[in-house]
Amino acid sequence: MTDERPDQSPITSPRSERVRRIAALAGRSARRKQGRFRVEGPQAVRSLLAERPDLTLELYLTERCESDHPELAALAAAARIPMHRVEDPALRAMVREGEGALVTPQGAVAVGRLPQEDARSAVEAIGAQPAEGPLTVVVLHEVRDPGNVGTLIRTADAAGADLVVLTRTSADPYSPKAVRACAGSLFHLPVVTGGDIDQVLAALAHSHVVAAATSGHASLDLFEAELPARIAWLLGNEAHGLDAATLEAAPLAVRIPLAGRAESLNVHTAATVCLFETLRRRGRG
């Protein structure tokens with residue numbers, strides 16, 4: 001229900017049907033069935049309300065959180081988003097994720113409308129970018145850990161990326177773990193899911209965006225290579241990196257020089273190096 005007034009009695013029961021439905025959003029199948037996702041904590045909820053009120057369906061606040069963060073209720077009221085008061089036990093039950101999972105929502109939970117996931121949306125998002133000028137796209141392909149997905153989106157946001165595209169073999173960025181790791185960045189830039197890697201590469205080429213990969217066997221050094229103004233960094237699986245076909249299809253491959261004895265970098269560290277080197281070059285230009 002979305003027609004409750006904010007001054008109604010607080011939600012108190014951790015076993016209520018409403019609480020159960022929100023708790024179920026920890027699972028991908030429940031998110032797809034309900035067409036909803038969950039956002040936890042004042043920072044992420046604030047970003048959702050401020051940047052994507054069109055996605056926001058409901059807001060749940062404890063009395064203390066409403067007092068500590070009055071801007072949340074104000075943002076919800078301005079966007080005509082229903083706000084419900086909830087007691088701490090019920091709020092904690094909303095964010096449970098199984099045995100041993102400790103989640104602290106700090107008094108704020110929001111429910112949002114799950115964006116459409118399909119290959120066409122990914123292609124259209126690439127085509128909707130400016131046809132000329134500098135552009136940075138991040139493509140996550142077979143990145144399976146939700147925490148990594150969220151952290152990579154946050155890094156893309158921090159480095160000024162224009163778009164993040166996830167292939168259908170990557171983890172769901174709207175899972176609670178990924179949303180928490182994003183720290184609000186999920187709502188700061190376009191993020192599209194469900195892409196097909198071959199279609200994504202074709203769409204990038206059509207938009208004159210050079211797809212770039214990292215490989216320890218590449219002949220070009222990242223810090224010496226000529227980086228195009230319109231670039232898409234392809235980031236692969238945590239354990240295996242990009243598959244051979246995707247590496248071969250990428251027009252540009254670079255290696256990150258390693259000075260010590262480590263054999264490689266994890267996907268987040270590699271992404272950070274590449275994205276901020278892109279930002280540094282753009283600032284210098």
# chains A, B, ... in the order shown; residues from 1 in each chain; ligands from 1
>>> closest_atom_pairs(of="region 197-220 of chain A", to="region 251-275 of chain A", cutoff="7 Å", atoms="only C-alpha atoms", output="JSON lines")
{"residue": "A:Val210", "atom": "CA", "partner": "A:Pro251", "partner_atom": "CA", "distance": 6.6}
{"residue": "A:Ala211", "atom": "CA", "partner": "A:Pro251", "partner_atom": "CA", "distance": 6.0}
{"residue": "A:Ala212", "atom": "CA", "partner": "A:Leu252", "partner_atom": "CA", "distance": 4.6}
{"residue": "A:Ala213", "atom": "CA", "partner": "A:Ala253", "partner_atom": "CA", "distance": 4.7}
{"residue": "A:Thr214", "atom": "CA", "partner": "A:Val254", "partner_atom": "CA", "distance": 4.9}
{"residue": "A:Ser215", "atom": "CA", "partner": "A:Arg255", "partner_atom": "CA", "distance": 5.1}
{"residue": "A:Gly216", "atom": "CA", "partner": "A:Arg255", "partner_atom": "CA", "distance": 5.1}
{"residue": "A:His217", "atom": "CA", "partner": "A:Arg255", "partner_atom": "CA", "distance": 6.9}
{"residue": "A:Ala218", "atom": "CA", "partner": "A:Val254", "partner_atom": "CA", "distance": 5.2}
{"residue": "A:Ser219", "atom": "CA", "partner": "A:Val254", "partner_atom": "CA", "distance": 6.8}
{"residue": "A:Leu220", "atom": "CA", "partner": "A:Val254", "partner_atom": "CA", "distance": 4.9}
>>> write_last_selection(atoms="C-alpha atoms", output="mmCIF file, in the first residue's frame")
data_model
loop_
_atom_site.group_PDB
_atom_site.id
_atom_site.type_symbol
_atom_site.label_atom_id
_atom_site.label_comp_id
_atom_site.auth_asym_id
_atom_site.auth_seq_id
_atom_site.Cartn_x
_atom_site.Cartn_y
_atom_site.Cartn_z
ATOM 1 C CA VAL A 210 37.058 2.873 -28.368
ATOM 2 C CA ALA A 211 36.723 -0.236 -26.200
ATOM 3 C CA ALA A 212 39.857 -0.717 -24.071
ATOM 4 C CA ALA A 213 40.963 -3.741 -22.072
ATOM 5 C CA THR A 214 43.813 -4.414 -19.678
ATOM 6 C CA SER A 215 46.050 -7.427 -20.146
ATOM 7 C CA GLY A 216 49.357 -8.424 -18.661
ATOM 8 C CA HIS A 217 50.408 -9.541 -22.138
ATOM 9 C CA ALA A 218 49.598 -6.241 -23.883
ATOM 10 C CA SER A 219 52.532 -4.490 -25.547
ATOM 11 C CA LEU A 220 51.295 -0.985 -24.681
#
>>> closest_residue(among="A:Asp88, A:Asp157, A:Asp118, A:Glu226", to="Arg282 (chain A)", atoms="only C-alpha atoms")
A:Glu226
>>> select_by_dssp(residues="region 59-268 of chain A", states="helix (DSSP H, G or I)", output="PDB file with C-alpha atoms, in the first residue's frame")
ATOM      1  CA  GLU A  63      11.693   8.553  14.768  1.00  0.00           C
ATOM      2  CA  ARG A  64      15.349   9.146  15.613  1.00  0.00           C
ATOM      3  CA  CYS A  65      16.468   9.096  11.986  1.00  0.00           C
ATOM      4  CA  GLU A  66      13.698  11.503  11.020  1.00  0.00           C
ATOM      5  CA  SER A  67      14.964  13.864  13.722  1.00  0.00           C
ATOM      6  CA  ASP A  68      18.651  13.450  12.775  1.00  0.00           C
ATOM      7  CA  PRO A  70      15.034  15.964   8.457  1.00  0.00           C
ATOM      8  CA  GLU A  71      16.071  16.428   4.818  1.00  0.00           C
ATOM      9  CA  LEU A  72      14.944  12.880   4.022  1.00  0.00           C
ATOM     10  CA  ALA A  73      11.328  13.543   4.952  1.00  0.00           C
ATOM     11  CA  ALA A  74      11.497  16.918   3.205  1.00  0.00           C
ATOM     12  CA  LEU A  75      12.778  15.371  -0.031  1.00  0.00           C
ATOM     13  CA  ALA A  76      10.074  12.711   0.120  1.00  0.00           C
ATOM     14  CA  ALA A  77       7.359  15.281   0.739  1.00  0.00           C
ATOM     15  CA  ALA A  78       8.569  17.451  -2.153  1.00  0.00           C
ATOM     16  CA  ASP A  88      13.749  -0.233  15.151  1.00  0.00           C
ATOM     17  CA  PRO A  89      12.891  -3.968  15.431  1.00  0.00           C
ATOM     18  CA  ALA A  90      10.696  -3.827  12.341  1.00  0.00           C
ATOM     19  CA  LEU A  91      13.305  -1.839  10.399  1.00  0.00           C
ATOM     20  CA  ARG A  92      16.024  -4.346  11.309  1.00  0.00           C
ATOM     21  CA  ALA A  93      13.759  -7.150  10.089  1.00  0.00           C
ATOM     22  CA  MET A  94      13.362  -5.351   6.754  1.00  0.00           C
ATOM     23  CA  ALA A 119      20.024  -5.927 -24.004  1.00  0.00           C
ATOM     24  CA  ARG A 120      18.227  -3.209 -25.954  1.00  0.00           C
ATOM     25  CA  SER A 121      18.376  -0.785 -23.001  1.00  0.00           C
ATOM     26  CA  ALA A 122      22.164  -1.113 -22.868  1.00  0.00           C
ATOM     27  CA  VAL A 123      22.527  -0.389 -26.600  1.00  0.00           C
ATOM     28  CA  GLU A 124      20.123   2.547 -26.376  1.00  0.00           C
ATOM     29  CA  ALA A 125      21.983   4.013 -23.395  1.00  0.00           C
ATOM     30  CA  ILE A 126      25.230   4.020 -25.372  1.00  0.00           C
ATOM     31  CA  GLY A 127      23.508   5.613 -28.350  1.00  0.00           C
ATOM     32  CA  PRO A 146      27.775  -7.730  -5.841  1.00  0.00           C
ATOM     33  CA  GLY A 147      30.200  -5.900  -3.557  1.00  0.00           C
ATOM     34  CA  ASN A 148      32.673  -5.522  -6.417  1.00  0.00           C
ATOM     35  CA  VAL A 149      29.925  -4.301  -8.726  1.00  0.00           C
ATOM     36  CA  GLY A 150      28.893  -1.642  -6.225  1.00  0.00           C
ATOM     37  CA  THR A 151      32.461  -0.538  -5.561  1.00  0.00           C
ATOM     38  CA  LEU A 152      33.207  -0.306  -9.286  1.00  0.00           C
ATOM     39  CA  ILE A 153      30.134   1.866  -9.849  1.00  0.00           C
ATOM     40  CA  ARG A 154      31.261   4.124  -7.004  1.00  0.00           C
ATOM     41  CA  THR A 155      34.744   4.375  -8.534  1.00  0.00           C
ATOM     42  CA  ALA A 156      33.282   5.125 -11.976  1.00  0.00           C
ATOM     43  CA  ASP A 157      31.238   7.924 -10.396  1.00  0.00           C
ATOM     44  CA  ALA A 158      34.273   9.330  -8.571  1.00  0.00           C
ATOM     45  CA  PRO A 176      21.271  -4.748  -1.269  1.00  0.00           C
ATOM     46  CA  LYS A 177      24.987  -5.590  -1.028  1.00  0.00           C
ATOM     47  CA  ALA A 178      25.762  -3.792  -4.284  1.00  0.00           C
ATOM     48  CA  VAL A 179      23.588  -0.798  -3.383  1.00  0.00           C
ATOM     49  CA  ARG A 180      25.397  -0.451  -0.049  1.00  0.00           C
ATOM     50  CA  ALA A 181      28.805  -0.642  -1.761  1.00  0.00           C
ATOM     51  CA  CYS A 182      27.739   2.044  -4.245  1.00  0.00           C
ATOM     52  CA  SER A 185      26.668   6.441  -6.738  1.00  0.00           C
ATOM     53  CA  LEU A 186      24.110   4.108  -8.337  1.00  0.00           C
ATOM     54  CA  PHE A 187      21.835   7.144  -8.588  1.00  0.00           C
ATOM     55  CA  ILE A 197      28.762  -8.080 -24.777  1.00  0.00           C
ATOM     56  CA  ASP A 198      28.780  -8.435 -28.573  1.00  0.00           C
ATOM     57  CA  GLN A 199      25.962  -5.913 -28.942  1.00  0.00           C
ATOM     58  CA  VAL A 200      27.654  -3.566 -26.470  1.00  0.00           C
ATOM     59  CA  LEU A 201      30.933  -3.664 -28.416  1.00  0.00           C
ATOM     60  CA  ALA A 202      29.078  -3.013 -31.684  1.00  0.00           C
ATOM     61  CA  ALA A 203      27.173  -0.081 -30.141  1.00  0.00           C
ATOM     62  CA  LEU A 204      30.409   1.430 -28.803  1.00  0.00           C
ATOM     63  CA  ALA A 205      32.036   1.205 -32.221  1.00  0.00           C
ATOM     64  CA  HIS A 206      28.964   2.749 -33.857  1.00  0.00           C
ATOM     65  CA  ALA A 244      39.706 -14.409 -24.871  1.00  0.00           C
ATOM     66  CA  ALA A 245      37.028 -13.436 -27.396  1.00  0.00           C
ATOM     67  CA  THR A 246      36.308 -10.108 -25.689  1.00  0.00           C
ATOM     68  CA  LEU A 247      40.009  -9.345 -25.331  1.00  0.00           C
ATOM     69  CA  GLU A 248      40.520 -10.032 -29.018  1.00  0.00           C
ATOM     70  CA  ALA A 249      37.526  -7.878 -29.977  1.00  0.00           C
ATOM     71  CA  VAL A 267      39.558  -5.808 -10.903  1.00  0.00           C
ATOM     72  CA  HIS A 268      38.733  -2.844  -8.672  1.00  0.00           C
TER      73      HIS A 268
END
>>> select_by_dssp(residues="region 25-146 of chain A", states="strand (DSSP E or B)", output="MDAnalysis selection string")
chainID A and resid 36:40 56:61 83:86 108:113 135:140
>>> residues_around(residues="region 162-175 of chain A", least_positions_apart="4", cutoff="6 Å", atoms="only C-alpha atoms", output="list of chain:residue names")
A:Thr136, A:Val137, A:Val138, A:Val139, A:Leu140, A:His141, A:Glu142, A:Val143, A:Arg144, A:Asp145, A:Pro146, A:Val179, A:Pro190, A:Val191, A:Val192, A:Thr193, A:Gly194, A:Gly195, A:Asp196
>>> write_last_selection(atoms="C-alpha atoms", output="mmCIF file, in the first residue's frame")
data_model
loop_
_atom_site.group_PDB
_atom_site.id
_atom_site.type_symbol
_atom_site.label_atom_id
_atom_site.label_comp_id
_atom_site.auth_asym_id
_atom_site.auth_seq_id
_atom_site.Cartn_x
_atom_site.Cartn_y
_atom_site.Cartn_z
ATOM 1 C CA THR A 136 34.068 7.626 -20.532
ATOM 2 C CA VAL A 137 32.032 4.428 -20.389
ATOM 3 C CA VAL A 138 32.604 1.537 -17.979
ATOM 4 C CA VAL A 139 31.533 -1.949 -19.055
ATOM 5 C CA LEU A 140 31.319 -4.691 -16.419
ATOM 6 C CA HIS A 141 31.385 -8.130 -18.019
ATOM 7 C CA GLU A 142 31.028 -11.243 -15.854
ATOM 8 C CA VAL A 143 31.818 -9.348 -12.648
ATOM 9 C CA ARG A 144 30.051 -11.738 -10.289
ATOM 10 C CA ASP A 145 30.459 -10.311 -6.790
ATOM 11 C CA PRO A 146 27.775 -7.730 -5.841
ATOM 12 C CA VAL A 179 23.588 -0.798 -3.383
ATOM 13 C CA PRO A 190 23.303 6.193 -15.724
ATOM 14 C CA VAL A 191 23.685 2.489 -14.894
ATOM 15 C CA VAL A 192 22.104 -0.044 -17.254
ATOM 16 C CA THR A 193 21.958 -3.817 -16.926
ATOM 17 C CA GLY A 194 21.300 -6.857 -19.087
ATOM 18 C CA GLY A 195 23.711 -6.008 -21.900
ATOM 19 C CA ASP A 196 25.002 -8.535 -24.415
#
>>> closest_residue(among="A:Ser13, A:Ala161, A:Ala108, A:Leu234", to="Phe276 (chain A)", atoms="only C-alpha atoms")
A:Ala161
>>> atom_distance(atom1="CA of His188 (chain A)", atom2="CA of Leu49 (chain A)")
11.2 Å
>>> atom_distance(atom1="CA of Gly107 (chain A)", atom2="CA of Tyr60 (chain A)")
8.0 Å
>>> atom_distance(atom1="CA of Ala128 (chain A)", atom2="CA of Leu242 (chain A)")
25.8 Å
>>> closest_residue(among="A:Gly184, A:Pro14, A:Pro134, A:Gly283", to="Ile231 (chain A)", atoms="only C-alpha atoms")
A:Pro134
>>> closest_residue(among="A:Glu132, A:Glu238, A:Glu58, A:Glu87", to="Val111 (chain A)", atoms="only C-alpha atoms")
A:Glu58
>>> residues_around(residues="Glu97 (chain A)", least_positions_apart="6", cutoff="10 Å", atoms="only C-alpha atoms", output="ChimeraX atom specification")
/A:23-27,103,176-177
>>> closest_residue(among="A:Arg15, A:Arg20, A:Arg280, A:Arg32", to="Gln116 (chain A)", atoms="only C-alpha atoms")
A:Arg32
>>> closest_residue(among="A:Leu189, A:Leu135, A:Ala44, A:Leu59", to="Trp233 (chain A)", atoms="only C-alpha atoms")
A:Leu135
